>>> print(open('upload_10.pdb').read())   # PDB, C-alpha atoms
ATOM      1  CA  MET A  28     125.923  77.434  81.816
ATOM      2  CA  TYR A  29     124.482  77.909  85.304
ATOM      3  CA  ASP A  30     122.616  75.363  87.366
ATOM      4  CA  VAL A  31     120.236  78.109  88.463
ATOM      5  CA  ILE A  32     119.593  81.697  87.477
ATOM      6  CA  ILE A  33     117.836  83.763  90.151
ATOM      7  CA  LEU A  34     115.994  86.855  88.991
ATOM      8  CA  GLY A  35     115.815  89.314  91.875
ATOM      9  CA  GLY A  36     118.163  90.391  94.646
ATOM     10  CA  GLY A  37     115.822  90.917  97.595
ATOM     11  CA  PRO A  38     115.386  88.649 100.641
ATOM     12  CA  ALA A  39     113.856  85.834  98.556
ATOM     13  CA  GLY A  40     116.469  85.869  95.812
ATOM     14  CA  LEU A  41     119.478  86.228  98.081
ATOM     15  CA  THR A  42     118.290  83.541 100.497
ATOM     16  CA  ALA A  43     117.715  81.228  97.542
ATOM     17  CA  ALA A  44     121.269  81.965  96.404
ATOM     18  CA  ILE A  45     122.683  81.105  99.828
ATOM     19  CA  TYR A  46     120.947  77.726  99.670
ATOM     20  CA  THR A  47     121.800  76.891  96.048
ATOM     21  CA  THR A  48     125.459  77.823  96.374
ATOM     22  CA  ARG A  49     125.838  75.827  99.575
ATOM     23  CA  ALA A  50     124.375  72.902  97.617
ATOM     24  CA  SER A  51     127.263  73.367  95.145
ATOM     25  CA  LEU A  52     124.969  74.627  92.383
ATOM     26  CA  LYS A  53     126.529  77.159  90.025
ATOM     27  CA  THR A  54     124.365  80.205  90.730
ATOM     28  CA  LEU A  55     123.840  83.523  88.986
ATOM     29  CA  VAL A  56     121.775  86.258  90.642
ATOM     30  CA  ILE A  57     120.511  88.917  88.244
ATOM     31  CA  SER A  58     119.703  91.263  91.080
ATOM     32  CA  GLY A  59     118.715  94.345  89.114
ATOM     33  CA  VAL A  60     119.761  97.963  89.403
ATOM     34  CA  LYS A  61     117.662  98.340  92.560
ATOM     35  CA  TRP A  62     118.948  95.217  94.279
ATOM     36  CA  GLY A  63     117.925  94.582  97.857
ATOM     37  CA  GLY A  64     114.197  95.061  97.419
ATOM     38  CA  GLN A  65     111.998  97.232  99.592
ATOM     39  CA  LEU A  66     114.260  96.803 102.617
ATOM     40  CA  MET A  67     116.676  99.232 100.965
ATOM     41  CA  LEU A  68     114.028 101.905 101.680
ATOM     42  CA  THR A  69     113.583 100.837 105.307
ATOM     43  CA  THR A  70     115.394 102.175 108.342
ATOM     44  CA  LEU A  71     115.344 100.047 111.512
ATOM     45  CA  VAL A  72     114.113  96.460 111.096
ATOM     46  CA  GLU A  73     113.141  94.999 114.458
ATOM     47  CA  ASN A  74     111.211  91.877 113.447
ATOM     48  CA  PHE A  75     113.872  89.895 111.562
ATOM     49  CA  PRO A  76     115.081  87.044 113.795
ATOM     50  CA  GLY A  77     118.643  87.147 115.055
ATOM     51  CA  PHE A  78     118.967  90.879 115.652
ATOM     52  CA  PRO A  79     117.716  91.637 119.182
ATOM     53  CA  GLU A  80     118.584  95.331 118.867
ATOM     54  CA  GLY A  81     117.248  95.560 115.309
ATOM     55  CA  ILE A  82     119.205  96.208 112.118
ATOM     56  CA  GLN A  83     119.033  98.814 109.381
ATOM     57  CA  GLY A  84     117.284  97.514 106.267
ATOM     58  CA  PRO A  85     120.163  98.224 103.838
ATOM     59  CA  GLU A  86     122.641  96.630 106.256
ATOM     60  CA  LEU A  87     120.527  93.489 106.480
ATOM     61  CA  MET A  88     120.413  93.192 102.694
ATOM     62  CA  THR A  89     124.137  93.881 102.365
ATOM     63  CA  ASN A  90     124.819  91.097 104.864
ATOM     64  CA  MET A  91     122.595  88.689 102.921
ATOM     65  CA  ARG A  92     124.390  89.559  99.707
ATOM     66  CA  LYS A  93     127.844  89.086 101.258
ATOM     67  CA  GLN A  94     126.753  85.718 102.595
ATOM     68  CA  ALA A  95     125.562  84.565  99.156
ATOM     69  CA  GLU A  96     128.772  85.846  97.532
ATOM     70  CA  ARG A  97     130.919  84.111 100.154
ATOM     71  CA  PHE A  98     129.474  80.778  99.028
ATOM     72  CA  GLY A  99     130.115  81.583  95.363
ATOM     73  CA  ALA A 100     127.019  83.303  93.991
ATOM     74  CA  GLU A 101     127.742  85.537  91.007
ATOM     75  CA  MET A 102     125.918  88.878  90.905
ATOM     76  CA  VAL A 103     124.783  91.035  87.996
ATOM     77  CA  ASP A 104     123.458  94.396  89.209
ATOM     78  CA  SER A 105     121.501  95.123  86.045
ATOM     79  CA  ASP A 106     117.901  94.549  84.992
ATOM     80  CA  PHE A 107     117.162  91.648  82.678
ATOM     81  CA  THR A 108     115.672  92.760  79.374
ATOM     82  CA  SER A 109     114.220  89.577  77.896
ATOM     83  CA  LEU A 110     113.923  85.855  78.515
ATOM     84  CA  ASP A 111     113.403  82.663  76.532
ATOM     85  CA  PHE A 112     111.878  79.758  78.430
ATOM     86  CA  SER A 113     110.832  77.804  75.332
ATOM     87  CA  GLY A 114     113.586  75.176  75.410
ATOM     88  CA  ASP A 115     115.172  72.806  77.887
ATOM     89  CA  ILE A 116     117.819  75.422  78.628
ATOM     90  CA  PHE A 117     116.493  78.757  79.892
ATOM     91  CA  LYS A 118     117.962  81.953  78.473
ATOM     92  CA  VAL A 119     117.955  85.378  80.106
ATOM     93  CA  LYS A 120     119.308  88.505  78.452
ATOM     94  CA  VAL A 121     120.759  91.527  80.178
ATOM     95  CA  GLY A 122     121.357  94.054  77.434
ATOM     96  CA  ASP A 123     123.551  92.307  74.858
ATOM     97  CA  GLN A 124     124.692  89.607  77.284
ATOM     98  CA  GLU A 125     122.830  86.290  77.340
ATOM     99  CA  TYR A 126     122.977  83.858  80.265
ATOM    100  CA  GLU A 127     121.865  80.234  80.218
ATOM    101  CA  GLY A 128     120.566  78.142  83.073
ATOM    102  CA  LYS A 129     119.153  74.687  83.741
ATOM    103  CA  THR A 130     116.632  76.171  86.200
ATOM    104  CA  VAL A 131     115.318  79.603  87.122
ATOM    105  CA  ILE A 132     113.899  81.124  90.315
ATOM    106  CA  LEU A 133     111.686  84.174  89.769
ATOM    107  CA  ALA A 134     112.078  86.444  92.815
ATOM    108  CA  THR A 135     111.528  89.891  91.326
ATOM    109  CA  GLY A 136     109.289  91.108  94.153
ATOM    110  CA  ALA A 137     106.536  93.698  94.158
ATOM    111  CA  ASP A 138     106.691  97.444  94.535
ATOM    112  CA  THR A 139     104.452  99.497  96.796
ATOM    113  CA  LYS A 140     101.969 101.752  95.053
ATOM    114  CA  TRP A 141     102.863 105.118  96.525
ATOM    115  CA  LEU A 142     100.696 108.227  96.490
ATOM    116  CA  GLY A 143     103.111 110.223  94.365
ATOM    117  CA  VAL A 144     102.471 113.437  96.285
ATOM    118  CA  PRO A 145     105.036 116.098  97.268
ATOM    119  CA  GLY A 146     106.961 115.237 100.432
ATOM    120  CA  GLU A 147     106.319 111.501 100.233
ATOM    121  CA  ALA A 148     109.442 109.992  98.669
ATOM    122  CA  GLU A 149     111.953 111.747 100.921
ATOM    123  CA  LYS A 150     110.037 110.738 104.072
ATOM    124  CA  ILE A 151     109.853 107.008 103.401
ATOM    125  CA  GLY A 152     111.331 105.571 106.579
ATOM    126  CA  ARG A 153     110.863 108.926 108.317
ATOM    127  CA  GLY A 154     107.178 108.691 109.075
ATOM    128  CA  VAL A 155     105.983 107.332 105.735
ATOM    129  CA  SER A 156     105.588 103.554 105.564
ATOM    130  CA  SER A 157     103.698 100.837 103.726
ATOM    131  CA  CYS A 158     104.002  98.118 106.366
ATOM    132  CA  ALA A 159     102.308  98.345 109.746
ATOM    133  CA  PRO A 160     103.613  94.960 110.986
ATOM    134  CA  CYS A 161     107.123  96.284 110.261
ATOM    135  CA  ASP A 162     106.839  99.790 111.679
ATOM    136  CA  ALA A 163     103.811 100.069 113.987
ATOM    137  CA  ALA A 164     105.910  99.858 117.156
ATOM    138  CA  PHE A 165     107.718 103.076 116.176
ATOM    139  CA  PHE A 166     104.396 104.926 116.463
ATOM    140  CA  ARG A 167     103.472 103.958 119.989
ATOM    141  CA  ASP A 168     101.342 106.733 121.552
ATOM    142  CA  ARG A 169     101.394 108.702 118.274
ATOM    143  CA  ASN A 170      98.696 109.745 115.833
ATOM    144  CA  VAL A 171      98.788 108.184 112.389
ATOM    145  CA  ILE A 172      96.752 107.945 109.207
ATOM    146  CA  VAL A 173      96.224 105.039 106.842
ATOM    147  CA  VAL A 174      95.534 105.912 103.210
ATOM    148  CA  GLY A 175      93.336 103.364 101.445
ATOM    149  CA  GLY A 176      90.000 101.628 101.654
ATOM    150  CA  GLY A 177      90.638  97.953 100.939
ATOM    151  CA  ASP A 178      91.363  94.945 103.115
ATOM    152  CA  SER A 179      95.042  95.830 103.413
ATOM    153  CA  ALA A 180      94.161  99.309 104.695
ATOM    154  CA  MET A 181      91.818  97.836 107.327
ATOM    155  CA  GLU A 182      94.510  95.376 108.362
ATOM    156  CA  GLU A 183      97.115  98.151 108.615
ATOM    157  CA  ALA A 184      94.747 100.261 110.716
ATOM    158  CA  THR A 185      93.947  97.366 113.050
ATOM    159  CA  VAL A 186      97.633  96.564 113.614
ATOM    160  CA  LEU A 187      98.467 100.231 114.204
ATOM    161  CA  ALA A 188      95.661 100.585 116.737
ATOM    162  CA  ASN A 189      97.593  98.255 119.048
ATOM    163  CA  PHE A 190     100.280 100.927 119.348
ATOM    164  CA  ALA A 191      99.080 104.350 118.226
ATOM    165  CA  THR A 192      96.918 106.744 120.189
ATOM    166  CA  SER A 193      94.670 107.252 117.182
ATOM    167  CA  VAL A 194      94.398 105.897 113.643
ATOM    168  CA  THR A 195      92.518 107.754 110.923
ATOM    169  CA  VAL A 196      91.681 105.956 107.696
ATOM    170  CA  VAL A 197      91.665 108.432 104.805
ATOM    171  CA  TYR A 198      89.825 107.147 101.733
ATOM    172  CA  ARG A 199      89.104 108.902  98.462
ATOM    173  CA  GLY A 200      85.760 107.156  97.938
ATOM    174  CA  ASP A 201      82.531 107.254  99.887
ATOM    175  CA  THR A 202      82.283 103.475 100.375
ATOM    176  CA  LEU A 203      85.131 101.248 101.522
ATOM    177  CA  LYS A 204      86.275  98.446  99.214
ATOM    178  CA  ALA A 205      87.260  96.180 102.087
ATOM    179  CA  SER A 206      85.291  93.039 102.912
ATOM    180  CA  LYS A 207      82.459  93.454 105.394
ATOM    181  CA  ALA A 208      84.323  91.431 107.997
ATOM    182  CA  MET A 209      87.441  93.586 107.733
ATOM    183  CA  GLN A 210      85.383  96.789 107.812
ATOM    184  CA  GLN A 211      83.513  95.651 110.891
ATOM    185  CA  LYS A 212      86.707  94.736 112.712
ATOM    186  CA  ALA A 213      88.189  98.178 112.063
ATOM    187  CA  MET A 214      85.003 100.102 112.769
ATOM    188  CA  GLU A 215      84.495  98.384 116.090
ATOM    189  CA  ASN A 216      87.919  99.559 117.271
ATOM    190  CA  PRO A 217      87.482 102.796 119.254
ATOM    191  CA  LYS A 218      90.906 104.064 118.185
ATOM    192  CA  ILE A 219      90.076 103.959 114.471
ATOM    193  CA  LYS A 220      88.050 106.639 112.702
ATOM    194  CA  PHE A 221      87.320 107.280 109.036
ATOM    195  CA  ILE A 222      87.413 110.238 106.668
ATOM    196  CA  TYR A 223      85.752 109.670 103.286
ATOM    197  CA  ASN A 224      85.962 111.439  99.919
ATOM    198  CA  THR A 225      89.357 112.759 100.955
ATOM    199  CA  GLU A 226      92.809 112.613  99.394
ATOM    200  CA  VAL A 227      96.247 113.390 100.759
ATOM    201  CA  THR A 228      97.808 116.020  98.499
ATOM    202  CA  GLU A 229     101.085 116.719 100.307
ATOM    203  CA  ILE A 230     103.135 115.403 103.236
ATOM    204  CA  LEU A 231     104.745 118.134 105.300
ATOM    205  CA  GLY A 232     107.617 118.251 107.779
ATOM    206  CA  GLU A 233     111.283 119.124 108.004
ATOM    207  CA  LEU A 234     113.113 115.879 108.769
ATOM    208  CA  LYS A 235     110.057 113.714 109.431
ATOM    209  CA  VAL A 236     106.295 113.700 108.957
ATOM    210  CA  GLU A 237     104.630 116.489 110.898
ATOM    211  CA  LYS A 238     101.345 117.010 109.057
ATOM    212  CA  VAL A 239      99.538 116.334 105.795
ATOM    213  CA  LYS A 240      97.502 118.416 103.414
ATOM    214  CA  ILE A 241      94.168 116.827 102.625
ATOM    215  CA  LYS A 242      91.468 117.721 100.129
ATOM    216  CA  ASN A 243      87.801 116.787 100.031
ATOM    217  CA  ASN A 244      87.255 115.664  96.453
ATOM    218  CA  LYS A 245      83.537 116.449  96.616
ATOM    219  CA  THR A 246      83.676 119.992  97.986
ATOM    220  CA  GLY A 247      87.230 120.927  97.030
ATOM    221  CA  GLU A 248      87.890 122.044 100.607
ATOM    222  CA  GLU A 249      91.545 121.832 101.644
ATOM    223  CA  SER A 250      92.985 121.647 105.140
ATOM    224  CA  GLU A 251      96.070 120.582 107.076
ATOM    225  CA  MET A 252      96.095 117.725 109.558
ATOM    226  CA  PRO A 253      98.857 117.352 112.193
ATOM    227  CA  ILE A 254     100.059 113.746 112.134
ATOM    228  CA  ASP A 255     103.072 111.648 113.119
ATOM    229  CA  GLY A 256     102.893 108.900 110.516
ATOM    230  CA  VAL A 257     101.412 108.082 107.118
ATOM    231  CA  PHE A 258     100.815 104.462 106.148
ATOM    232  CA  VAL A 259     100.107 103.973 102.466
ATOM    233  CA  ALA A 260      97.884 100.964 101.730
ATOM    234  CA  ILE A 261      96.642 101.383  98.181
ATOM    235  CA  GLY A 262      98.154  98.198  96.784
ATOM    236  CA  HIS A 263     101.302  96.706  95.305
ATOM    237  CA  ILE A 264     102.578  96.211  91.772
ATOM    238  CA  PRO A 265     104.217  92.818  91.139
ATOM    239  CA  ASN A 266     107.318  93.026  88.961
ATOM    240  CA  THR A 267     106.077  90.602  86.318
ATOM    241  CA  LYS A 268     105.834  92.718  83.168
ATOM    242  CA  LEU A 269     108.393  90.651  81.266
ATOM    243  CA  PHE A 270     106.756  87.388  82.376
ATOM    244  CA  GLN A 271     103.430  88.121  80.664
ATOM    245  CA  GLY A 272     102.522  85.493  78.095
ATOM    246  CA  VAL A 273     105.231  83.174  79.432
ATOM    247  CA  ILE A 274     104.444  82.557  83.104
ATOM    248  CA  ASP A 275     100.936  82.025  84.483
ATOM    249  CA  LEU A 276      99.845  85.173  86.331
ATOM    250  CA  ASP A 277      96.703  85.916  88.318
ATOM    251  CA  GLU A 278      94.231  88.659  87.456
ATOM    252  CA  VAL A 279      96.355  91.401  89.039
ATOM    253  CA  GLY A 280      99.711  90.181  87.758
ATOM    254  CA  TYR A 281     101.142  88.033  90.556
ATOM    255  CA  ILE A 282     102.832  84.758  89.600
ATOM    256  CA  LYS A 283     100.672  81.703  90.181
ATOM    257  CA  ALA A 284     102.642  79.409  92.476
ATOM    258  CA  TYR A 285     101.717  75.763  92.202
ATOM    259  CA  ASP A 286     102.745  72.824  94.369
ATOM    260  CA  HIS A 287     106.010  73.691  96.134
ATOM    261  CA  PHE A 288     106.583  77.012  94.370
ATOM    262  CA  LYS A 289     106.510  75.656  90.842
ATOM    263  CA  THR A 290     105.357  77.825  87.939
ATOM    264  CA  ASN A 291     103.599  76.504  84.841
ATOM    265  CA  ILE A 292     107.010  75.833  83.263
ATOM    266  CA  LYS A 293     108.944  72.794  84.429
ATOM    267  CA  GLY A 294     112.225  73.886  86.010
ATOM    268  CA  VAL A 295     111.067  77.444  86.719
ATOM    269  CA  TYR A 296     110.186  78.295  90.334
ATOM    270  CA  THR A 297     109.081  81.406  92.153
ATOM    271  CA  ALA A 298     109.710  82.932  95.571
ATOM    272  CA  GLY A 299     108.742  86.003  97.590
ATOM    273  CA  ASP A 300     106.484  88.979  97.064
ATOM    274  CA  VAL A 301     106.180  88.351  93.331
ATOM    275  CA  HIS A 302     103.702  85.579  94.218
ATOM    276  CA  ASP A 303     102.865  86.359  97.853
ATOM    277  CA  THR A 304      99.812  88.614  97.976
ATOM    278  CA  HIS A 305      99.243  88.180 101.689
ATOM    279  CA  TYR A 306     102.248  88.411 104.029
ATOM    280  CA  ARG A 307     104.844  90.580 102.237
ATOM    281  CA  GLN A 308     107.414  90.257 105.017
ATOM    282  CA  ALA A 309     111.179  89.938 104.672
ATOM    283  CA  ILE A 310     111.187  86.789 106.765
ATOM    284  CA  THR A 311     108.469  85.061 104.721
ATOM    285  CA  ALA A 312     110.201  86.092 101.482
ATOM    286  CA  ALA A 313     113.415  84.569 102.806
ATOM    287  CA  GLY A 314     111.506  81.410 103.733
ATOM    288  CA  TYR A 315     110.017  81.165 100.253
ATOM    289  CA  GLY A 316     113.504  81.652  98.817
ATOM    290  CA  SER A 317     114.941  78.760 100.799
ATOM    291  CA  ALA A 318     112.002  76.538  99.820
ATOM    292  CA  ALA A 319     112.368  77.337  96.114
ATOM    293  CA  ALA A 320     116.105  76.650  96.308
ATOM    294  CA  LEU A 321     115.532  73.270  97.939
ATOM    295  CA  GLU A 322     113.034  72.404  95.206
ATOM    296  CA  VAL A 323     115.565  73.396  92.539
ATOM    297  CA  GLU A 324     118.191  71.195  94.169
ATOM    298  CA  LYS A 325     115.737  68.279  94.232
ATOM    299  CA  TYR A 326     114.690  68.872  90.609
ATOM    300  CA  LEU A 327     118.276  68.938  89.338
ATOM    301  CA  ARG A 328     119.152  65.836  91.312
ATOM    302  CA  GLU A 329     116.192  63.934  89.864
ATOM    303  CA  THR A 330     116.728  65.094  86.272
ATOM    304  CA  SER A 331     120.504  64.798  86.036
TER
END
>>> encode(input="upload_10.pdb", output="C-alpha cells")
Amino acid sequence: MYDVIILGGGPAGLTAAIYTTRASLKTLVISGVKWGGQLMLTTLVENFPGFPEGIQGPELMTNMRKQAERFGAEMVDSDFTSLDFSGDIFKVKVGDQEYEGKTVILATGADTKWLGVPGEAEKIGRGVSSCAPCDAAFFRDRNVIVVGGGDSAMEEATVLANFATSVTVVYRGDTLKASKAMQQKAMENPKIKFIYNTEVTEILGELKVEKVKIKNNKTGEESEMPIDGVFVAIGHIPNTKLFQGVIDLDEVGYIKAYDHFKTNIKGVYTAGDVHDTHYRQAITAAGYGSAAALEVEKYLRETS
C-alpha cells in the first residue's frame, strides 16, 4: 500500500516524487517505458534555473530521477495497463502486477504531434524542434520555418522572430486557423512571411537540418527550400487514453484540473502537460508537480 502513486516520470512526476518522499509519504512512480518525458529528446536546455551553462535534457531528467530515488521513491519503468478508481483505495495495474495507493497524481504528459516525414525523427534536437521558447536562441541569425497555422504556430513564429533572420510559416491550408489577434501580431512582424497550401514532405541534411522538400497541395509542384531549423506546431496529444470515462477530460483530451490541481475524483490529482494546454515548459511542469504533491500531503493529513 502506497501513500501516493504517481503516473508519469517526466518533470512533473519526478518533482512530485521529490516532494512526497521528503514528506515521508511512501511513493511509487510508474514512470513508463519512455520515462523522462519530452526532455529525453532535447539536447541543450538553457532555460531551466540553476544551470548557468545549460544542461542536456536527458542529464537533467536523470538528475531529477536520482534525487527522487535518493529520498526513497520507488520506480517502475513500465507502462500502466489499467486502473480502478472506483473505491477508496486506488488500484493501478502494470501487466499482471497490481499496485494500491491512497492517492494518485496523474502526470502522464503530452506528446508532440510530429509531421511523420522522412528525416524528421533523427533530426529532433538537431534543427527540428517543437518549442520555440526552449530553442529559439540556438537559431540566432538563422533562417527557420514553422509548420502549422494555429495559435501555437503564430506564437512560435513570433518568438523565433526575436532571434532568427527570417521565419517562414508553412501551412497546408489556404486560411490560417489562428485567432485574428494572433494572426495580426505575426503578420505585422517584418521577419515573418507565409506560404499557404504547402506541406513539408521531407527534411534533408547530413547531421543537421539543411533544407526541406515542400509540395504545393493545390498544384502538386515540389521544390527544395534551404533552411536551418524546422519548428513543428501542429498540436499535442495528451496521454489520457486510459483515463477516458474515469477522469474528466476536455474536448481534446486534456485532464480538467479543478481547484488546486484536483480531478473529478477525490484523492486523485494532476500535474504537468497532461492538463497544461498553454505553457508546456519543463519548469512549469515541475512547478505543477510540486503543487500537486503538496496538495496530496495536505489531503492525507486531513483524512488520516
>>> resolve_selection(input="upload_10.pdb", expression="the PyMOL selection byres ((chain A and resi 129) around 6)", output="list in words")
Asp30, Val31, Ile116, Gly128 and Thr130 of chain A
>>> closest_atom_pairs(input="upload_10.pdb", of="region 226-312 of chain A", to="region 163-168 of chain A", cutoff="12 Å", atoms="all atoms listed in the file", output="Markdown table")
| residue | atom | partner | partner_atom | distance |
| --- | --- | --- | --- | --- |
| A:Val236 | CA | A:Phe166 | CA | 11.7 |
| A:Ile254 | CA | A:Phe166 | CA | 10.7 |
| A:Asp255 | CA | A:Phe166 | CA | 7.6 |
| A:Gly256 | CA | A:Phe166 | CA | 7.3 |
| A:Val257 | CA | A:Phe166 | CA | 10.3 |
| A:Phe258 | CA | A:Ala163 | CA | 9.5 |
>>> resolve_selection(input="upload_10.pdb", expression="the PyMOL selection byres ((chain A and resi 313) around 10)", output="PyMOL selection string")
chain A and resi 37-43+298-299+308-312+314-319
>>> write_last_selection(input="upload_10.pdb", atoms="C-alpha atoms", output="mmCIF file, in the coordinates of the input")
data_model
loop_
_atom_site.group_PDB
_atom_site.id
_atom_site.type_symbol
_atom_site.label_atom_id
_atom_site.label_comp_id
_atom_site.auth_asym_id
_atom_site.auth_seq_id
_atom_site.Cartn_x
_atom_site.Cartn_y
_atom_site.Cartn_z
ATOM 1 C CA GLY A 37 115.822 90.917 97.595
ATOM 2 C CA PRO A 38 115.386 88.649 100.641
ATOM 3 C CA ALA A 39 113.856 85.834 98.556
ATOM 4 C CA GLY A 40 116.469 85.869 95.812
ATOM 5 C CA LEU A 41 119.478 86.228 98.081
ATOM 6 C CA THR A 42 118.290 83.541 100.497
ATOM 7 C CA ALA A 43 117.715 81.228 97.542
ATOM 8 C CA ALA A 298 109.710 82.932 95.571
ATOM 9 C CA GLY A 299 108.742 86.003 97.590
ATOM 10 C CA GLN A 308 107.414 90.257 105.017
ATOM 11 C CA ALA A 309 111.179 89.938 104.672
ATOM 12 C CA ILE A 310 111.187 86.789 106.765
ATOM 13 C CA THR A 311 108.469 85.061 104.721
ATOM 14 C CA ALA A 312 110.201 86.092 101.482
ATOM 15 C CA GLY A 314 111.506 81.410 103.733
ATOM 16 C CA TYR A 315 110.017 81.165 100.253
ATOM 17 C CA GLY A 316 113.504 81.652 98.817
ATOM 18 C CA SER A 317 114.941 78.760 100.799
ATOM 19 C CA ALA A 318 112.002 76.538 99.820
ATOM 20 C CA ALA A 319 112.368 77.337 96.114
#
>>> atom_distance(input="upload_10.pdb", atom1="CA of Pro85 (chain A)", atom2="CA of Tyr306 (chain A)")
20.4 Å
>>> atom_distance(input="upload_10.pdb", atom1="CA of Ile219 (chain A)", atom2="CA of Thr185 (chain A)")
7.8 Å
>>> resolve_selection(input="upload_10.pdb", expression="the PyMOL selection byres ((chain A and resi 153) around 9)", output="number ranges by chain")
A: 70, 149-152, 154-156, 234-236, 256
>>> closest_atom_pairs(input="upload_10.pdb", of="region 83-195 of chain A", to="region 270-294 of chain A", cutoff="10 Å", atoms="only C-alpha atoms", output="CSV")
residue,atom,partner,partner_atom,distance
A:Ser109,CA,A:Phe270,CA,9.0
A:Leu110,CA,A:Phe270,CA,8.3
A:Asp111,CA,A:Val273,CA,8.7
A:Phe112,CA,A:Val273,CA,7.5
A:Ser113,CA,A:Val273,CA,8.8
A:Asp115,CA,A:Gly294,CA,8.7
A:Ile116,CA,A:Gly294,CA,9.4
A:Phe117,CA,A:Gly294,CA,8.9
A:Gly128,CA,A:Gly294,CA,9.8
A:Lys129,CA,A:Gly294,CA,7.3
A:Thr130,CA,A:Gly294,CA,5.0
A:Val131,CA,A:Gly294,CA,6.6
A:Ile132,CA,A:Gly294,CA,8.6
A:Leu133,CA,A:Ile282,CA,8.9
A:Ala134,CA,A:Ile282,CA,9.9
A:Gly136,CA,A:Tyr281,CA,9.4
A:Ala137,CA,A:Tyr281,CA,8.6
>>> write_last_selection(input="upload_10.pdb", atoms="C-alpha atoms", output="mmCIF file, in the frame of the given file")
data_model
loop_
_atom_site.group_PDB
_atom_site.id
_atom_site.type_symbol
_atom_site.label_atom_id
_atom_site.label_comp_id
_atom_site.auth_asym_id
_atom_site.auth_seq_id
_atom_site.Cartn_x
_atom_site.Cartn_y
_atom_site.Cartn_z
ATOM 1 C CA SER A 109 114.220 89.577 77.896
ATOM 2 C CA LEU A 110 113.923 85.855 78.515
ATOM 3 C CA ASP A 111 113.403 82.663 76.532
ATOM 4 C CA PHE A 112 111.878 79.758 78.430
ATOM 5 C CA SER A 113 110.832 77.804 75.332
ATOM 6 C CA ASP A 115 115.172 72.806 77.887
ATOM 7 C CA ILE A 116 117.819 75.422 78.628
ATOM 8 C CA PHE A 117 116.493 78.757 79.892
ATOM 9 C CA GLY A 128 120.566 78.142 83.073
ATOM 10 C CA LYS A 129 119.153 74.687 83.741
ATOM 11 C CA THR A 130 116.632 76.171 86.200
ATOM 12 C CA VAL A 131 115.318 79.603 87.122
ATOM 13 C CA ILE A 132 113.899 81.124 90.315
ATOM 14 C CA LEU A 133 111.686 84.174 89.769
ATOM 15 C CA ALA A 134 112.078 86.444 92.815
ATOM 16 C CA GLY A 136 109.289 91.108 94.153
ATOM 17 C CA ALA A 137 106.536 93.698 94.158
#
>>> atom_distance(input="upload_10.pdb", atom1="CA of Thr54 (chain A)", atom2="CA of Ala320 (chain A)")
10.6 Å
>>> axis_aligned_box(input="upload_10.pdb", around="region 214-221 of chain A", padding_each_side="4 Å", output="AutoDock Vina command-line options")
--center_x 87.7 --center_y 102.8 --center_z 114.1 --size_x 14.4 --size_y 16.9 --size_z 18.2
>>> closest_residue(input="upload_10.pdb", among="A:Asn216, A:Gln124, A:Thr330, A:Glu96", to="Thr108 (chain A)", atoms="all atoms listed in the file")
A:Gln124
>>> build_atoms(input="upload_10.pdb", residues="region 65-74 of chain A", atoms="N, CA, C and O atoms", output="PDB file, in the frame of the given file")
ATOM      1  N   GLN A  65     112.576  96.124  98.842  1.00  0.00           N
ATOM      2  CA  GLN A  65     111.998  97.232  99.592  1.00  0.00           C
ATOM      3  C   GLN A  65     112.727  97.514 100.901  1.00  0.00           C
ATOM      4  O   GLN A  65     112.592  98.607 101.468  1.00  0.00           O
ATOM      5  N   LEU A  66     113.513  96.558 101.379  1.00  0.00           N
ATOM      6  CA  LEU A  66     114.260  96.803 102.617  1.00  0.00           C
ATOM      7  C   LEU A  66     115.323  97.878 102.440  1.00  0.00           C
ATOM      8  O   LEU A  66     115.789  98.457 103.422  1.00  0.00           O
ATOM      9  N   MET A  67     115.705  98.159 101.203  1.00  0.00           N
ATOM     10  CA  MET A  67     116.676  99.232 100.965  1.00  0.00           C
ATOM     11  C   MET A  67     116.059 100.605 101.253  1.00  0.00           C
ATOM     12  O   MET A  67     116.776 101.602 101.382  1.00  0.00           O
ATOM     13  N   LEU A  68     114.722 100.655 101.368  1.00  0.00           N
ATOM     14  CA  LEU A  68     114.028 101.905 101.680  1.00  0.00           C
ATOM     15  C   LEU A  68     113.609 101.962 103.150  1.00  0.00           C
ATOM     16  O   LEU A  68     112.947 102.909 103.570  1.00  0.00           O
ATOM     17  N   THR A  69     114.005 100.950 103.918  1.00  0.00           N
ATOM     18  CA  THR A  69     113.583 100.837 105.307  1.00  0.00           C
ATOM     19  C   THR A  69     114.719 101.256 106.232  1.00  0.00           C
ATOM     20  O   THR A  69     115.885 101.062 105.905  1.00  0.00           O
ATOM     21  N   THR A  70     114.369 101.832 107.355  1.00  0.00           N
ATOM     22  CA  THR A  70     115.394 102.175 108.342  1.00  0.00           C
ATOM     23  C   THR A  70     115.573 100.992 109.297  1.00  0.00           C
ATOM     24  O   THR A  70     116.134  99.978 108.911  1.00  0.00           O
ATOM     25  N   LEU A  71     115.105 101.097 110.521  1.00  0.00           N
ATOM     26  CA  LEU A  71     115.344 100.047 111.512  1.00  0.00           C
ATOM     27  C   LEU A  71     114.362  98.887 111.326  1.00  0.00           C
ATOM     28  O   LEU A  71     113.158  99.074 111.313  1.00  0.00           O
ATOM     29  N   VAL A  72     114.913  97.681 111.191  1.00  0.00           N
ATOM     30  CA  VAL A  72     114.113  96.460 111.096  1.00  0.00           C
ATOM     31  C   VAL A  72     114.229  95.732 112.425  1.00  0.00           C
ATOM     32  O   VAL A  72     115.319  95.319 112.820  1.00  0.00           O
ATOM     33  N   GLU A  73     113.110  95.595 113.122  1.00  0.00           N
ATOM     34  CA  GLU A  73     113.141  94.999 114.458  1.00  0.00           C
ATOM     35  C   GLU A  73     112.509  93.611 114.517  1.00  0.00           C
ATOM     36  O   GLU A  73     112.544  92.964 115.564  1.00  0.00           O
ATOM     37  N   ASN A  74     111.928  93.150 113.399  1.00  0.00           N
ATOM     38  CA  ASN A  74     111.211  91.877 113.447  1.00  0.00           C
ATOM     39  C   ASN A  74     111.876  90.779 112.622  1.00  0.00           C
ATOM     40  O   ASN A  74     111.242  89.771 112.322  1.00  0.00           O
TER      41      ASN A  74
END
